[in-house]
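First up is the structure itself, then whatever we jot down about it.
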There are 2 protein chains.
Amino acid sequence: MAKISNISGFPEWLPQDKRTEDELIAKVKAVYESFGFTPIETPAVELVSTLAAKGVLAQEIFGLHRLQAEPGEREADLALHFDLTVPFARYVAQHYHELDFPFKRYQLQKVWRGDRPQKGRFREFYQFDVDTICRDELPLAADAEVLTVLDTAFSAMAVAPHLLYINSRKVLQGIYQGLGIAPEAHPAVIVAVDKFHKVGAAGVSSELAQIAGVPAESIGTVLKCATICVPAAEIESLPALLAVKGALLDEGLSELKAILQLLPSAVAARIQLDFSLARGLAYYTGLITEVRFPDHPEFGSVGGGGRYDDLTGSFLKAKLPGVGMSIGLTRIMDLVIGKKLLPSTRRSPSQVLVSVYDETQRGQCNACAERLRSSGIAAEVYLTSLKLGKQIEYAERKGIPYVLFIKSDGQMEMKDLRSKEQHLVHDLAAWRPS
Amino acid sequence: MAKISNISGFPEWLPQDKRTEDELIAKVKAVYESFGFTPIETPAVELVSTLAAKGVLAQEIFGLHRLQAEPGEREADLALHFDLTVPFARYVAQHYHELDFPFKRYQLQKVWRGDRPQKGRFREFYQFDVDTICRDELPLAADAEVLTVLDTAFSAMAVAPHLLYINSRKVLQGIYQGLGIAPEAHPAVIVAVDKFHKVGAAGVSSELAQIAGVPAESIGTVLKCATICVPAAEIESLPALLAVKGALLDEGLSELKAILQLLPSAVAARIQLDFSLARGLAYYTGLITEVRFPDHPEFGSVGGGGRYDDLTGSFLKAKLPGVGMSIGLTRIMDLVIGKKLLPSTRRSPSQVLVSVYDETQRGQCNACAERLRSSGIAAEVYLTSLKLGKQIEYAERKGIPYVLFIKSDGQMEMKDLRSKEQHLVHDLAAWRPS
């Protein structure tokens with residue numbers, strides 16, 4: 001007998017939790033579409049050269065090989081995508097002449113990380129991305145729109161209260177410039193600062209000390225800046241808090257201000273200006289953002305993204321700036337299940353179980369179920385004519401709220417398993433669950 | 001610059017076609033749920049030993065390796081699933097004590113075949129499965145239900161008129177038994193007969209001649225049986241058409257008859273008894289079925305499945321018979337796109353483009369879009385304040401049917417781009433698209 005074992009990092013849910021996940025997906029999809037974002041899907045598989053094009057091979061990648069490959073067989077190197085942004089860039093470049101710009105797309109797919117198994121690390125998980133990409137110039141209205149979409153999606157999911165933490169790469173690089181940190185050191189400084197909440201000030205400090213081009217006297221200020229986190233309404237107080245000046249910093253701050261002014265006030269009220277936020281990925285050039293649940297701080301980021309000025313640069317001559325956000329759906333589901341954050345979902349979509357007293361009734365039972373379905377009510381017919389008590393137990397176990405009985409005189413009775421009330425039903429086509 | 005090329009066998013659709021695919025998915029999902037089937041999802045990745053457990057390694061499998069694996073690194077052998085039935089069996093066995101039986105599930109996921117690239121062969125494609133699985137005994141009502149679900153799903157998709165071809169492994173094996181073909185030769189005979197429409201009578205004949213245990217004088221009758229295809233209503237004529245007799249054959253025929261009697265008449269009217277239908281997979285034990293579009297015979301099967309008496313046998317001691325069907329969604333989409341079988345879908349979900357005359361209006365435009373969204377109308381605000389003519393062109397290119405203009409006096413006008421009519425809108429919250 002084949003041994004069954006969980007493969008570490010590849011989660012799967014029980015039926016009731018999968019229905020919860022489907023409900024969250026439907027809510028986010030409705031929000032994305034209500035803002036005019038259109039779905040696309042790319043294959044799970046890309047050429048290794050495509051995935052490597054953005055220079056992010058630090059991400060660990062699963063390569064593919066044919067189990068029945070013949071000796072010496074050579075084929076294009078295939079691998080599973082590790083995010084949806086690189087495949088999106090390839091898609092836009094490949095179908096460039098068939099797309100309309102600004103191109104607003106969303107994409108819900110699994111991604112894979114070829115990590116070694118580690119406790120608590122997913123190697124397969126959903127990302128739920130939304131991006132706007134444009135030719136030549138993309139106005140800051142797009143940044144504000146995508147932040148609004150992200151906020152609306154989290155409100156629609158209603159898993160836990162959320163806050164949006166924002167920052168700007170221009171602000172960060174403006175600070176580093178003002179402190180005399182060499183431009184070629186900026187990416188490494190960003191990666192170090194990004195670990196602020198993980199390794200603390202001392203950890204970041206010792207990492208910064210090892211980066212060439214970082215003057216020792218700048219480290220204190222870099223760390224001090226990373227402790228700044230104020231509500232959006234206090235943006236005017238920032239220049240005074242920062243002991244640095246410079247044109248790039250001013251540009252970053254005025255961009256953040258413009259984005260905040262374009263937001264509905266309810267969204268702006270959930271925004272924090274967080275200068276410890278850096279995000280590791282190389283391609284961000286302006287706004288960066290992360291979503292967190294303040295009631296579950298240990299859980300870290302459950303969504304995020306930012307602006308990139310030239311995502312398709314490695315595939316296409318045209319310049320295509322974009323701004324995009326991603327929701328970490330699998331991480332959110334993990335929290336929802338682990339902490340029971342949402343009311344549990346019924347184990348079956350059925351609203352009515354049509355019970356079967358004996359097999360001569362089955363045709364009639366099928367017709368009743370069909371009549372319920374044509375009113376949009378999910379209904380199933382019990383598959384045998386077991387004792388009615390067993391059929392009711394089945395409905396209870398699956399959380400099906402109603403059981404229909406057809407009596408020997410042809411009359412129908414509907415039982416509500418929650419209230420235990422039972423009523424005659426004269427016209428099934430007119431019956432509705434309460 | 002990284003070279004972009006299509007990877008043969010890994011299809012992806014343009015935005016308008018992805019929206020069509022999403023509409024088909026929503027229709028099938030609604031049908032599956034209306035019959036009480038619940039969604040599950042399994043990881044794309046299984047242990048190779050799990051995939052091999054059903055003895056179907058003839059299917060070519062993609063194995064995974066870490067691109068950054070260290071020398072000598074050993075980990076569990078991981079591979080991409082090649083269908084959804086084997087992962088479903090593993091899921092049921094693994095979560096056996098947490099599931100309620102009869103367990104009715106559906107599953108929509110990509111599957112992968114590690115074939116070498118071949119024209120017209122998909123290596124990544126969607127399957128959309130629906131199965132009922134039970135402990136110990138599964139009544140024929142389950143077979144009839146799953147056939148009804150499959151028929152209803154194809155009617156809901158409305159891609160092309162469809163027919164359901166059915167047969168029974170018991171009928172086939174009953175015939176072979178009656179003809180004196182050795183039981184151990186039956187699987188090979190089934191695989192040969194399954195190619196009837198591909199290689200013709202002569203091809204099957206020469207293949208049968210090479211199978212040990214197949215008497216030469218039986219081959220003519222095997223081939224003659226494979227030409228029988230009659231409407232379900234003519235089931236009573238079958239015994240006379242078959243020049244063979246036997247208990248297993250009788251059992252198979254009476255099961256088919258019982259299943260047909262359990263079907264709504266509209267479903268039974270679309271059923272053909274097709275004795276050339278064999279299906280290659282080893283695990284079928286009773287009913288087998290395939291869906292075809294008679295207007296597109298060259299396209300072959302677009303769905304199918306059957307009954308299996310012990311799917312989880314390699315993982316679990318309990319006996320779990322089941323019956324399931326699968327819709328070949330990617331093949332159907334390929335046909336829909338290639339032959340333009342469905343009216344084209346708009347390139348954007350937006351119903352209204354809120355135009356922006358100048359940037360001072362943007363806040364007001366955002367508020368208008370938000371009001372439309374709260375009535376369930378997808379609306380987007382143009383991202384710049386380019387000439388209004390250009391904004392209208394954008395809406396036309398994306399197939400957005402309405403454009404809203406906000407005039408300098410605050411009045412709003414809605415233009416229908418199809419009729420070119422333009423009307424004042426006094427109360428945006430009450431406005432509805434026609």
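Residue numbering restarts at 1 for every chain of the structure tokens, chains are lettered A, B, ... in their displayed order, and ligands are numbered from 1 as they appear.
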Surrounding residues of Ala160 in chain B excluding itself and chain neighbours under 3 positions, 9 Å, only C-alpha atoms, as a CSV table (one decimal) with C-alpha atoms, in the first residue's frame:
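As a result, part-v6.csv now contains:
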```
chain,number,residue,atom,x,y,z
B,154,PHE,CA,-22.5,21.1,-21.3
B,155,SER,CA,-26.0,22.6,-21.9
B,157,MET,CA,-21.8,26.1,-21.5
B,293,PHE,CA,-19.8,17.7,-30.3
B,294,PRO,CA,-21.4,16.1,-33.4
B,295,ASP,CA,-20.9,19.3,-35.4
B,296,HIS,CA,-17.1,19.0,-34.7
B,341,LEU,CA,-18.1,29.4,-31.4
B,342,LEU,CA,-19.2,32.0,-28.8
```
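Look at Gln173 in chain A: the protein and nucleic acid residues within 8 Å of it, using only C-alpha atoms and passing over chain neighbours fewer than 3 places away, are Arg169, Lys170, Tyr176, Gln177, His186, Leu248 and Leu249 of chain A.
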Those same residues, written as a compact mmCIF listing (two decimals), in the first residue's frame with C-alpha atoms?
```
# COMPACT_ATOMS: atom_id res chain seq x y z
CA ARG A 169 11.85 54.00 -2.83
CA LYS A 170 12.57 57.62 -3.78
CA TYR A 176 20.65 57.50 1.62
CA GLN A 177 21.83 60.09 -0.92
CA HIS A 186 21.49 51.51 -2.11
CA LEU A 248 15.10 63.04 -4.57
CA LEU A 249 13.74 62.92 -1.01
```
For range 34-51 of chain B, work out the shell of residues within 7 Å, counting only C-alpha atoms and skipping chain neighbours fewer than 4 positions away, then give it as an NGL selection string. (:A and (2 or 10-12 or 15 or 18-19 or 348-350 or 373 or 377-380)) or (:B and (30 or 76-81 or 86-87 or 104-107))
Residues as selected, C-alpha atoms, written as a tab-separated table (two decimals), in the first residue's frame, can you do that?
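Dumped to again.tsv:
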```
chain	number	residue	atom	x	y	z
A	2	ALA	CA	1.39	3.40	-0.98
A	10	PHE	CA	2.19	22.18	-0.02
A	11	PRO	CA	-1.00	23.02	1.89
A	12	GLU	CA	-4.47	21.70	1.09
A	15	PRO	CA	-13.94	20.93	2.01
A	18	LYS	CA	-11.98	25.35	0.54
A	19	ARG	CA	-15.48	26.82	0.39
A	348	SER	CA	-21.78	21.28	1.16
A	349	PRO	CA	-23.26	23.86	-1.19
A	350	SER	CA	-26.63	22.02	-1.01
A	373	ARG	CA	-32.50	24.16	-8.95
A	377	ILE	CA	-31.58	26.63	-4.97
A	378	ALA	CA	-28.85	23.98	-4.75
A	379	ALA	CA	-30.53	20.64	-4.05
A	380	GLU	CA	-29.39	17.03	-3.92
B	30	ALA	CA	-22.90	26.78	-10.73
B	76	ALA	CA	11.33	13.22	-1.57
B	77	ASP	CA	10.70	12.81	-5.29
B	78	LEU	CA	8.16	15.43	-6.28
B	79	ALA	CA	6.22	15.62	-9.53
B	80	LEU	CA	3.32	17.54	-11.11
B	81	HIS	CA	-0.01	15.67	-11.15
B	86	VAL	CA	-5.21	10.15	-8.47
B	87	PRO	CA	-4.76	13.25	-6.25
B	104	LYS	CA	-19.52	14.58	-3.65
B	105	ARG	CA	-16.73	16.83	-4.84
B	106	TYR	CA	-15.74	18.88	-7.86
B	107	GLN	CA	-12.25	20.08	-8.73
```
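Distance annotation: of B:Ser205, B:Gln94, B:Ser254, B:Thr20, the residue with the minimal separation from chain A is B:Gln94; atom set is only C-alpha atoms.
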Name all residues at most 10 Å from range 392-406 of chain A (count only C-alpha atoms; drop same-chain ones fewer than 4 positions away) and give them as a VMD selection string. (chain A and resid 16 345 to 357 361 364 to 365 368 to 369 378 to 382 387 to 388 410 to 425 433 to 434) or (chain B and resid 36 99 to 103)
Take the residues from that selection and put them in a file with C-alpha atoms, as an mmCIF file, in the first residue's frame.
```cif
data_model
loop_
_atom_site.group_PDB
_atom_site.id
_atom_site.type_symbol
_atom_site.label_atom_id
_atom_site.label_comp_id
_atom_site.auth_asym_id
_atom_site.auth_seq_id
_atom_site.Cartn_x
_atom_site.Cartn_y
_atom_site.Cartn_z
ATOM 1 C CA GLN A 16 -15.427 23.503 4.435
ATOM 2 C CA THR A 345 -18.787 27.425 6.165
ATOM 3 C CA ARG A 346 -21.215 24.568 5.483
ATOM 4 C CA ARG A 347 -19.505 21.428 4.206
ATOM 5 C CA SER A 348 -21.784 21.279 1.158
ATOM 6 C CA PRO A 349 -23.262 23.862 -1.191
ATOM 7 C CA SER A 350 -26.633 22.018 -1.008
ATOM 8 C CA GLN A 351 -29.450 24.003 0.592
ATOM 9 C CA VAL A 352 -31.996 21.196 0.411
ATOM 10 C CA LEU A 353 -31.641 17.424 0.725
ATOM 11 C CA VAL A 354 -34.522 15.677 -1.035
ATOM 12 C CA SER A 355 -35.004 12.497 0.997
ATOM 13 C CA VAL A 356 -36.034 9.232 -0.678
ATOM 14 C CA TYR A 357 -38.527 7.030 1.159
ATOM 15 C CA GLN A 361 -40.097 7.678 -5.447
ATOM 16 C CA GLN A 364 -40.354 12.192 -8.362
ATOM 17 C CA CYS A 365 -37.503 13.208 -6.016
ATOM 18 C CA CYS A 368 -38.437 18.057 -7.113
ATOM 19 C CA ALA A 369 -34.691 18.723 -6.940
ATOM 20 C CA ALA A 378 -28.854 23.982 -4.746
ATOM 21 C CA ALA A 379 -30.533 20.640 -4.051
ATOM 22 C CA GLU A 380 -29.393 17.030 -3.923
ATOM 23 C CA VAL A 381 -31.344 13.783 -3.822
ATOM 24 C CA TYR A 382 -30.166 11.184 -1.306
ATOM 25 C CA LYS A 387 -33.939 4.947 6.827
ATOM 26 C CA LEU A 388 -35.050 8.600 6.842
ATOM 27 C CA GLY A 410 -47.792 12.933 -2.789
ATOM 28 C CA GLN A 411 -47.760 15.843 -0.326
ATOM 29 C CA MET A 412 -44.391 17.496 0.336
ATOM 30 C CA GLU A 413 -43.062 18.639 3.690
ATOM 31 C CA MET A 414 -39.960 20.767 4.234
ATOM 32 C CA LYS A 415 -38.050 20.481 7.520
ATOM 33 C CA ASP A 416 -35.733 23.213 8.717
ATOM 34 C CA LEU A 417 -32.997 21.328 10.571
ATOM 35 C CA ARG A 418 -31.975 24.413 12.547
ATOM 36 C CA SER A 419 -35.410 25.298 14.001
ATOM 37 C CA LYS A 420 -36.697 21.683 13.695
ATOM 38 C CA GLU A 421 -39.909 23.139 12.231
ATOM 39 C CA GLN A 422 -41.645 21.225 9.471
ATOM 40 C CA HIS A 423 -44.202 22.690 7.043
ATOM 41 C CA LEU A 424 -46.306 21.508 4.115
ATOM 42 C CA VAL A 425 -45.085 22.899 0.804
ATOM 43 C CA PRO A 433 -35.034 29.196 2.008
ATOM 44 C CA SER A 434 -35.310 31.721 4.830
ATOM 45 C CA GLY B 36 -24.542 19.579 -4.068
ATOM 46 C CA LEU B 99 -14.986 13.597 5.277
ATOM 47 C CA ASP B 100 -18.705 12.763 5.101
ATOM 48 C CA PHE B 101 -19.804 9.941 2.776
ATOM 49 C CA PRO B 102 -21.257 9.837 0.158
ATOM 50 C CA PHE B 103 -18.623 12.449 -0.633
#
```
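Interatomic distance, CA of Glu359 in chain B to CA of Ser385 in chain B: 6.2 Å.
The two atoms in question, CA of Val171 in chain A and CA of Leu253 in chain A, are spaced 6.3 Å apart.
Across the structure, CA of Thr285 in chain B and CA of Glu251 in chain B are spaced 12.2 Å apart.
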Return as an NGL selection string the full set of residues in range 150-309 of chain A whose backbone-based DSSP assignment is helix (DSSP H, G or I). :A and (150-157 or 169-178 or 183-193 or 196-209 or 216-225 or 232-241 or 247-261 or 265-268 or 297-299)
For chain A, the closest of B:Ser326, B:Ser344, B:Ser374, B:Ser206 counting only C-alpha atoms is B:Ser374
For each of B:Ile181, B:Ile235, B:Lys29, B:Gly363, take the minimum atom-to-atom distance to Ala209 in chain B, counting only C-alpha atoms, then give the residue where this is smallest. B:Ile181
Within 6 Å of range 191-204 of chain B, counting only C-alpha atoms, which residues qualify if same-chain residues fewer than 3 places away don't, as number ranges by chain? B: 188, 207, 278-280
File of the preceding selection, N, CA, C and O atoms, as an mmCIF file, in the first residue's frame:
```
data_model
loop_
_atom_site.group_PDB
_atom_site.id
_atom_site.type_symbol
_atom_site.label_atom_id
_atom_site.label_comp_id
_atom_site.auth_asym_id
_atom_site.auth_seq_id
_atom_site.Cartn_x
_atom_site.Cartn_y
_atom_site.Cartn_z
ATOM 1 N N ALA B 188 -5.573 -5.310 -22.549
ATOM 2 C CA ALA B 188 -4.914 -4.981 -23.818
ATOM 3 C C ALA B 188 -5.946 -4.856 -24.940
ATOM 4 O O ALA B 188 -5.819 -3.992 -25.826
ATOM 5 N N GLU B 207 -3.713 -5.087 -34.345
ATOM 6 C CA GLU B 207 -3.252 -5.001 -32.956
ATOM 7 C C GLU B 207 -3.793 -6.174 -32.123
ATOM 8 O O GLU B 207 -3.060 -6.772 -31.330
ATOM 9 N N ALA B 278 -14.248 2.573 -25.217
ATOM 10 C CA ALA B 278 -13.571 1.655 -24.288
ATOM 11 C C ALA B 278 -12.834 2.406 -23.184
ATOM 12 O O ALA B 278 -12.796 1.980 -22.047
ATOM 13 N N ARG B 279 -12.283 3.583 -23.495
ATOM 14 C CA ARG B 279 -11.458 4.396 -22.585
ATOM 15 C C ARG B 279 -10.263 3.598 -22.057
ATOM 16 O O ARG B 279 -10.417 2.518 -21.508
ATOM 17 N N GLY B 280 -9.079 4.211 -22.255
ATOM 18 C CA GLY B 280 -7.846 3.485 -21.984
ATOM 19 C C GLY B 280 -7.552 3.221 -20.509
ATOM 20 O O GLY B 280 -6.928 2.217 -20.158
#
```
Which of these residues is nearest to chain A, using only C-alpha atoms: B:Asp129, B:Glu234, B:Glu370, B:Asp250? B:Glu370
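For the choices B:Ala233, B:Leu84, B:Ala258, B:Ala141, the atom-to-atom distance to chain A is smallest for B:Ala141 when using only C-alpha atoms.
Proximity to Asn6 in chain B was assessed for B:Pro117, B:Ile288, B:Gly180, B:Thr132 counting only C-alpha atoms; the smallest distance is recorded for B:Pro117.
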I'd like to know which residues of range 44-168 of chain A are strand (DSSP E) (by DSSP, run on the backbone); could you write them as an NGL selection string? :A and (45-47 or 62-66 or 78-80 or 103-112 or 124-133 or 163-168)
